[in-house]
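Q: My questions will all concern the structure given below.
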Amino acid sequence: MTHDGWTFEILRSDLLIIGGGAAGIAAAVRARELEPELDVLVMEKAHVKRSGCLAAGINAINAYLNPGETPLTFLAYVREDAHGLVREDLVLSLAEKLNSVTDRLAAWGLPLPRDAQGNYLPRGRRSVRVDGEGIKPLMARALEASGARVLNRVNATNFFLSAGRVRGAFGFSMREKKFYLVQAFATVCATGGAAGIYKPNNPGAASHKMWYCPFNTGAGYAMGLRAGAEMTSFEMRFIALRVKDTLSPTGTIAQGVKVEQVNALGENYQKRYRGNTTPLRLYATLQENLAGRGPCYLDTTGLDREAGEKLKEAYLHMSPGILLKWADQGVEPWERPVEICGSEPYLAGGHGLAGYWVDTGRRTTVAGLYAAGDVAGGAPKKYVSGSMAEGEIAAASAVQDMQAVSFEELPAAELARALELEAAMVLAPLTRQEGFAPRELEERLQKVMDEYAGGIGSSYRVSGPSLLVAREELAQLSADLARLKARDLHELLSAQEVIDRVLVARVLVEHLLYRQETRWPCYQERLDYPQRDDTNWLKFVNSRYHWREDRVEMLERPYWRHGEQA
């Protein structure tokens, strides 16, 4: 089929994996190991060699069980850091694989320094050092060696459903006018989380200088919502405590060279506040600023030259922008403390709880669909190794499930009709001469979320009345999406990203409204419900989107401890 210069292709695979990051590549490699004859296809929006959260590299594997740590101690740590609410079954299942997937990375050639006994060098109790600037090209080579096929620079738009089951996905090329329907017996969603929903730290041309990958725009969440998948814990946003301006990771300093977190008076202010969880460290910093004792810093002025040079080297593996800033200022890291701040809020299931509601096999609530990595909910603190572990788990479940299901050949007419309808909807912005450019609606979305749904401008705090305004504003914005226009493939991608972000934002606001307590300061802080309430809210807030009625249904799911019946 052709339409206005577009070519339509229907491809086949046994297993479709959407997203070529840590989770997606691990899933593809594991599936091919389990079934060498399996036809595995990875659909990647960019190019697997430099895509997603690992594009610029890493300097630590932040989820690893060093000697003395076990899956149960890892679970205890994650539970405490998540303020008592976590899917314990999911955390345990990935914790059991953290070390094996790290060993897999080492076998692929990732440089992990070792001590004289052959152990990886720890950076903390649950992390190890790595020289990881080239981790993504290395993983891409492993993917190629596995025999999986890759469809680079193809942006997924929606899952293809037939008889209530996901049977693949649609997508369009970023380099040529090609629109795809990829059929599959099973589909793993590994698209990452969502950035760009809120107004970012930096303005103008630097607006995409942020901590989380700016190209992870919530597509997997939005596709799942439109397919009717149940989601969980969108209200537990993740807000990173990072180096001001460059948004470089603070752990590289705090754990890598062990320095104190101080305010403008030189005080180690963390001691003023009860608790030392990830959200509370951010909360303490924010409170110091509000009290007039900011800005706050990581005090690197006590470092000697050798330690400072090692710090610079570590940043070269992950966030070289901070070295450019130091060079531009004409300072060395040991000459001036490093200012820190909070980022914009993100949805990322690898750091927080937000994502698909899955079982221990990473099956979603929609048949034929699995989720892994940042897009899978319920199990925070998984990072690279945890995402890989989930990818392997999802692949094993998909391979097993495919053997137990009898698949009928789908009629050619059904496939052609589905492809025609999806293409007509997705390509519509290219046909409009009047309307809104994607950037205009993106900025409107970010302004609404910043002002009424707990962005930087409101110190991350929300209340019922402000969230109701956000709901109203987002409803109008959602209606205006029908007037999106695009001049080329780049703007068509931007249009699709705005569509996805707006839906994710609407569901996020409903979650923030529903949880009537404050469980995670800054991440989810209700001014009208300022206390944590384990009696009424030690449970999961879930949702399901009904696209025909354009309605978000809110659900509650119980919390259970390890060893209890789910």
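Ligands are numbered from 1 in the order shown, residues from 1 within each chain, and chains are lettered A, B, ... in the order they appear in the structure tokens.
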Could you list, as a VMD selection string, every residue within 8 Å of Gly218 in chain A, counting only C-alpha atoms and ignoring same-chain residues fewer than 2 positions away?

A: chain A and resid 191 to 195 216 220 to 222 497 500 to 501 504

Q: Take the residues from that selection and put them in a file with all heavy atoms, as an mmCIF file, in the first residue's frame.

A:
```cif
data_model
loop_
_atom_site.group_PDB
_atom_site.id
_atom_site.type_symbol
_atom_site.label_atom_id
_atom_site.label_comp_id
_atom_site.auth_asym_id
_atom_site.auth_seq_id
_atom_site.Cartn_x
_atom_site.Cartn_y
_atom_site.Cartn_z
ATOM 1 N N THR A 191 10.385 0.482 26.812
ATOM 2 C CA THR A 191 10.600 1.797 26.205
ATOM 3 C C THR A 191 11.151 2.840 27.159
ATOM 4 O O THR A 191 11.426 3.968 26.749
ATOM 5 C CB THR A 191 9.276 2.326 25.642
ATOM 6 O OG1 THR A 191 8.291 2.299 26.692
ATOM 7 C CG2 THR A 191 8.791 1.480 24.487
ATOM 8 N N GLY A 192 11.294 2.505 28.439
ATOM 9 C CA GLY A 192 11.768 3.505 29.390
ATOM 10 C C GLY A 192 10.629 4.336 29.948
ATOM 11 O O GLY A 192 9.447 4.111 29.657
ATOM 12 N N GLY A 193 10.968 5.314 30.782
ATOM 13 C CA GLY A 193 9.980 6.132 31.473
ATOM 14 C C GLY A 193 9.608 7.385 30.711
ATOM 15 O O GLY A 193 9.624 7.407 29.474
ATOM 16 N N ALA A 194 9.292 8.455 31.455
ATOM 17 C CA ALA A 194 8.762 9.664 30.834
ATOM 18 C C ALA A 194 9.460 10.906 31.365
ATOM 19 O O ALA A 194 9.401 11.211 32.563
ATOM 20 C CB ALA A 194 7.261 9.772 31.080
ATOM 21 N N ALA A 195 10.123 11.626 30.470
ATOM 22 C CA ALA A 195 10.669 12.951 30.748
ATOM 23 C C ALA A 195 9.893 13.969 29.921
ATOM 24 O O ALA A 195 9.172 13.616 28.989
ATOM 25 C CB ALA A 195 12.151 13.010 30.378
ATOM 26 N N ASN A 216 13.118 9.698 26.211
ATOM 27 C CA ASN A 216 12.151 8.786 26.830
ATOM 28 C C ASN A 216 10.930 9.616 27.198
ATOM 29 O O ASN A 216 10.938 10.349 28.183
ATOM 30 C CB ASN A 216 12.752 8.131 28.070
ATOM 31 C CG ASN A 216 13.787 7.080 27.738
ATOM 32 O OD1 ASN A 216 14.179 6.923 26.586
ATOM 33 N ND2 ASN A 216 14.251 6.363 28.742
ATOM 34 N N GLY A 220 5.752 4.081 26.017
ATOM 35 C CA GLY A 220 5.321 2.765 26.482
ATOM 36 C C GLY A 220 4.164 2.847 27.453
ATOM 37 O O GLY A 220 3.232 2.030 27.401
ATOM 38 N N TYR A 221 4.211 3.835 28.358
ATOM 39 C CA TYR A 221 3.079 4.048 29.259
ATOM 40 C C TYR A 221 1.808 4.351 28.459
ATOM 41 O O TYR A 221 0.745 3.773 28.697
ATOM 42 C CB TYR A 221 3.349 5.242 30.179
ATOM 43 C CG TYR A 221 4.458 5.077 31.188
ATOM 44 C CD1 TYR A 221 5.303 6.151 31.462
ATOM 45 C CD2 TYR A 221 4.650 3.899 31.894
ATOM 46 C CE1 TYR A 221 6.316 6.048 32.400
ATOM 47 C CE2 TYR A 221 5.665 3.788 32.836
ATOM 48 C CZ TYR A 221 6.495 4.867 33.092
ATOM 49 O OH TYR A 221 7.495 4.771 34.024
ATOM 50 N N ALA A 222 1.925 5.310 27.537
ATOM 51 C CA ALA A 222 0.752 5.745 26.780
ATOM 52 C C ALA A 222 0.181 4.615 25.926
ATOM 53 O O ALA A 222 -1.040 4.443 25.835
ATOM 54 C CB ALA A 222 1.117 6.948 25.907
ATOM 55 N N GLU A 497 5.030 12.381 20.445
ATOM 56 C CA GLU A 497 5.544 12.463 21.808
ATOM 57 C C GLU A 497 4.661 13.346 22.680
ATOM 58 O O GLU A 497 4.420 13.038 23.856
ATOM 59 C CB GLU A 497 6.982 12.992 21.791
ATOM 60 C CG GLU A 497 7.981 11.994 21.217
ATOM 61 C CD GLU A 497 9.379 12.558 21.079
ATOM 62 O OE1 GLU A 497 9.520 13.799 21.065
ATOM 63 O OE2 GLU A 497 10.328 11.760 20.971
ATOM 64 N N ASP A 500 1.498 11.411 23.589
ATOM 65 C CA ASP A 500 1.767 10.429 24.639
ATOM 66 C C ASP A 500 1.947 11.109 25.996
ATOM 67 O O ASP A 500 1.411 10.654 27.012
ATOM 68 C CB ASP A 500 3.025 9.629 24.299
ATOM 69 C CG ASP A 500 2.828 8.698 23.109
ATOM 70 O OD1 ASP A 500 1.673 8.397 22.766
ATOM 71 O OD2 ASP A 500 3.845 8.276 22.514
ATOM 72 N N ARG A 501 2.713 12.198 26.022
ATOM 73 C CA ARG A 501 2.959 12.878 27.287
ATOM 74 C C ARG A 501 1.687 13.420 27.920
ATOM 75 O O ARG A 501 1.510 13.365 29.144
ATOM 76 C CB ARG A 501 3.945 14.033 27.062
ATOM 77 C CG ARG A 501 5.406 13.627 26.938
ATOM 78 C CD ARG A 501 6.222 14.811 26.497
ATOM 79 N NE ARG A 501 7.659 14.617 26.631
ATOM 80 C CZ ARG A 501 8.560 15.179 25.854
ATOM 81 N NH1 ARG A 501 8.164 15.991 24.877
ATOM 82 N NH2 ARG A 501 9.850 14.968 26.041
ATOM 83 N N VAL A 504 -0.202 10.580 29.587
ATOM 84 C CA VAL A 504 0.498 10.174 30.812
ATOM 85 C C VAL A 504 0.292 11.221 31.903
ATOM 86 O O VAL A 504 0.065 10.879 33.070
ATOM 87 C CB VAL A 504 1.992 9.958 30.527
ATOM 88 C CG1 VAL A 504 2.768 9.730 31.818
ATOM 89 C CG2 VAL A 504 2.182 8.770 29.591
#
```

Q: Excluding same-chain residues fewer than 5 positions from Thr7 in chain A, what lies within 12 Å of it counting only C-alpha atoms, as an MDAnalysis selection string?

A: chainID A and resid 1:2 172:173 176:181 419:420 423

Q: Given the selection you just returned, output its residues as a file containing all heavy atoms, formatted as a compact mmCIF listing (two decimals), in the first residue's frame.

A:
```txt
# COMPACT_ATOMS: atom_id res chain seq x y z
N MET A 1 0.84 -1.20 0.00
CA MET A 1 0.00 0.00 0.00
C MET A 1 0.88 1.25 0.00
O MET A 1 1.94 1.26 0.60
CB MET A 1 -0.88 0.03 1.25
CG MET A 1 -1.92 -1.07 1.31
SD MET A 1 -2.98 -0.86 2.75
CE MET A 1 -1.82 -1.12 4.07
N THR A 2 0.42 2.29 -0.64
CA THR A 2 1.10 3.59 -0.59
C THR A 2 0.07 4.67 -0.34
O THR A 2 -1.11 4.54 -0.71
CB THR A 2 1.85 3.88 -1.90
OG1 THR A 2 0.92 3.88 -2.99
CG2 THR A 2 2.94 2.84 -2.14
N PHE A 172 6.50 4.06 12.83
CA PHE A 172 6.90 4.70 11.58
C PHE A 172 8.39 5.03 11.62
O PHE A 172 8.98 5.29 12.67
CB PHE A 172 6.07 5.96 11.29
CG PHE A 172 6.22 7.07 12.29
CD1 PHE A 172 7.20 8.04 12.14
CD2 PHE A 172 5.36 7.17 13.38
CE1 PHE A 172 7.32 9.08 13.05
CE2 PHE A 172 5.48 8.20 14.30
CZ PHE A 172 6.46 9.16 14.14
N SER A 173 9.00 5.03 10.45
CA SER A 173 10.43 5.27 10.32
C SER A 173 10.75 6.75 10.50
O SER A 173 9.98 7.62 10.08
CB SER A 173 10.92 4.80 8.95
OG SER A 173 12.24 5.24 8.71
N GLU A 176 12.67 7.55 6.59
CA GLU A 176 11.98 7.44 5.29
C GLU A 176 10.50 7.26 5.55
O GLU A 176 10.08 6.95 6.65
CB GLU A 176 12.55 6.26 4.50
CG GLU A 176 12.63 4.97 5.28
CD GLU A 176 13.42 3.90 4.56
OE1 GLU A 176 13.62 4.04 3.34
OE2 GLU A 176 13.83 2.92 5.21
N LYS A 177 9.71 7.47 4.51
CA LYS A 177 8.26 7.41 4.67
C LYS A 177 7.78 5.97 4.65
O LYS A 177 7.20 5.49 3.66
CB LYS A 177 7.58 8.24 3.57
CG LYS A 177 7.81 9.74 3.70
CD LYS A 177 7.03 10.51 2.65
CE LYS A 177 7.14 12.00 2.86
NZ LYS A 177 6.35 12.76 1.86
N LYS A 178 8.01 5.29 5.75
CA LYS A 178 7.57 3.90 5.91
C LYS A 178 6.79 3.75 7.20
O LYS A 178 7.21 4.24 8.26
CB LYS A 178 8.77 2.95 5.93
CG LYS A 178 9.40 2.70 4.58
CD LYS A 178 10.43 1.58 4.67
CE LYS A 178 11.00 1.26 3.29
NZ LYS A 178 11.98 0.14 3.34
N PHE A 179 5.66 3.09 7.10
CA PHE A 179 4.81 2.82 8.26
C PHE A 179 4.70 1.31 8.41
O PHE A 179 4.43 0.60 7.43
CB PHE A 179 3.43 3.45 8.09
CG PHE A 179 2.75 3.79 9.39
CD1 PHE A 179 2.75 5.09 9.86
CD2 PHE A 179 2.13 2.81 10.15
CE1 PHE A 179 2.14 5.41 11.06
CE2 PHE A 179 1.52 3.12 11.35
CZ PHE A 179 1.53 4.43 11.81
N TYR A 180 4.93 0.83 9.64
CA TYR A 180 5.02 -0.61 9.87
C TYR A 180 3.91 -1.14 10.77
O TYR A 180 3.46 -0.45 11.70
CB TYR A 180 6.35 -0.96 10.55
CG TYR A 180 7.58 -0.67 9.75
CD1 TYR A 180 8.26 0.53 9.90
CD2 TYR A 180 8.10 -1.60 8.86
CE1 TYR A 180 9.42 0.80 9.18
CE2 TYR A 180 9.25 -1.35 8.13
CZ TYR A 180 9.91 -0.15 8.30
OH TYR A 180 11.05 0.11 7.59
N LEU A 181 3.52 -2.36 10.51
CA LEU A 181 2.82 -3.21 11.47
C LEU A 181 3.70 -4.44 11.65
O LEU A 181 3.92 -5.19 10.70
CB LEU A 181 1.43 -3.61 10.98
CG LEU A 181 0.76 -4.77 11.74
CD1 LEU A 181 0.70 -4.51 13.23
CD2 LEU A 181 -0.63 -5.05 11.17
N LEU A 419 -3.68 -1.48 9.87
CA LEU A 419 -2.56 -0.64 9.47
C LEU A 419 -3.05 0.67 8.85
O LEU A 419 -2.52 1.76 9.13
CB LEU A 419 -1.67 -1.39 8.50
CG LEU A 419 -0.39 -0.72 8.01
CD1 LEU A 419 0.44 -0.21 9.17
CD2 LEU A 419 0.42 -1.69 7.16
N GLU A 420 -4.09 0.58 8.04
CA GLU A 420 -4.65 1.78 7.40
C GLU A 420 -5.21 2.75 8.43
O GLU A 420 -4.97 3.97 8.36
CB GLU A 420 -5.75 1.37 6.42
CG GLU A 420 -6.39 2.52 5.68
CD GLU A 420 -7.49 2.06 4.73
OE1 GLU A 420 -7.60 0.83 4.48
OE2 GLU A 420 -8.25 2.91 4.25
N ALA A 423 -2.30 4.33 10.56
CA ALA A 423 -1.52 5.29 9.77
C ALA A 423 -2.31 6.58 9.55
O ALA A 423 -1.75 7.68 9.64
CB ALA A 423 -1.12 4.67 8.44
```

Q: Considering only strand (DSSP E) as DSSP defines it on the backbone, what residues of range 118-363 of chain A qualify? List them as a ChimeraX atom specification.

A: /A:122-124,127-132,149-151,154-162,165-173,178-183,186-189,231-232,238-243,261-262,296-298,338-346,355-356

Q: Would you list the contacts of His490 in chain A as a PyMOL selection string, taking every protein, DNA or RNA residue within 12 Å and counting only C-alpha atoms, but skipping same-chain residues closer than 3 positions in sequence?

A: chain A and resi 45+153-155+172-177+429-430+437-439+485-487+493-497

Q: Output C-alpha atoms for every residue in that selection, as a JSON list (two decimals), in the first residue's frame.

A:
```json
[["chain", "number", "residue", "atom", "x", "y", "z"],
["A", 45, "LYS", "CA", 13.23, 4.69, 18.22],
["A", 153, "ARG", "CA", 14.95, 4.54, 14.02],
["A", 154, "VAL", "CA", 11.35, 3.32, 14.05],
["A", 155, "ASN", "CA", 9.05, 4.98, 16.56],
["A", 172, "PHE", "CA", 6.90, 4.70, 11.58],
["A", 173, "SER", "CA", 10.43, 5.27, 10.32],
["A", 174, "MET", "CA", 12.37, 8.37, 11.27],
["A", 175, "ARG", "CA", 14.43, 8.31, 8.06],
["A", 176, "GLU", "CA", 11.98, 7.44, 5.29],
["A", 177, "LYS", "CA", 8.26, 7.41, 4.67],
["A", 429, "PRO", "CA", -0.62, 16.13, 11.55],
["A", 430, "LEU", "CA", 1.24, 16.05, 8.22],
["A", 437, "ALA", "CA", 3.16, 23.07, 16.37],
["A", 438, "PRO", "CA", 4.27, 20.29, 18.75],
["A", 439, "ARG", "CA", 6.58, 22.63, 20.65],
["A", 485, "LYS", "CA", 0.41, 19.95, 12.69],
["A", 486, "ALA", "CA", 3.77, 18.66, 11.47],
["A", 487, "ARG", "CA", 5.95, 19.75, 8.57],
["A", 493, "LEU", "CA", 7.74, 12.36, 16.01],
["A", 494, "SER", "CA", 7.42, 15.42, 18.26],
["A", 495, "ALA", "CA", 3.66, 15.41, 17.72],
["A", 496, "GLN", "CA", 3.40, 11.77, 18.75],
["A", 497, "GLU", "CA", 5.54, 12.46, 21.81]]
```

Q: Taking 6 positions as the minimum chain separation for residues in the same chain, which residues sit within 7 Å of range 370-386 of chain A when counting only C-alpha atoms? Answer as a PyMOL selection string.

A: chain A and resi 22-23+61-63+78+86-87+90-91+94+98+101-102+187-193+220-221+232+348-357+362-364+394

Q: Have a look at A:Glu422, A:Glu44, A:Glu306, A:Glu451 and name the one nearest to Gly24 in chain A; count only C-alpha atoms.

A: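 Using only C-alpha atoms, the shortest distance to Gly24 in chain A belongs to A:Glu44.
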
Q: Which polymer residues have any atom within 8 Å of an atom of Ser478 in chain A, counting only C-alpha atoms, with same-chain residues fewer than 5 positions away left out, as a PyMOL selection string?

A: chain A and resi 499+502-503

Q: From the set A:Ala475, A:Ala398, A:Leu323, A:Cys53, which residue has the shortest atom-to-atom contact distance to Ala27 in chain A, counting only C-alpha atoms?

A: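 Smallest distance to Ala27 in chain A is found for A:Ala398.
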
Q: Skipping near chain neighbours, those fewer than 5 positions away, what residues fall within 12 Å of range 28-40 of chain A using only C-alpha atoms, listed as a PyMOL selection string?

A: chain A and resi 11-23+101+104-105+108+139-151+168+182-190+372+388-400+402-403

Q: For a quick check of understanding, using only C-alpha atoms, which of A:Ser93, A:Thr157, A:Asn66, A:Ser406 has the smallest distance to Ala227 in chain A?

A: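 Among the listed residues, the smallest separation from Ala227 in chain A belongs to A:Thr157.
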
Q: Calculated over only C-alpha atoms, which of the candidates A:Val509, A:Ile340, A:Val257, A:Leu247 has the smallest distance to Asn289 in chain A?

A: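 Among A:Val509, A:Ile340, A:Val257, A:Leu247, it is A:Ile340 that comes nearest to Asn289 in chain A.
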
Q: Work out how far CA of Leu513 in chain A is from CA of Gly464 in chain A, in Å to one decimal.

A: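 It comes out at 6.2 Å.
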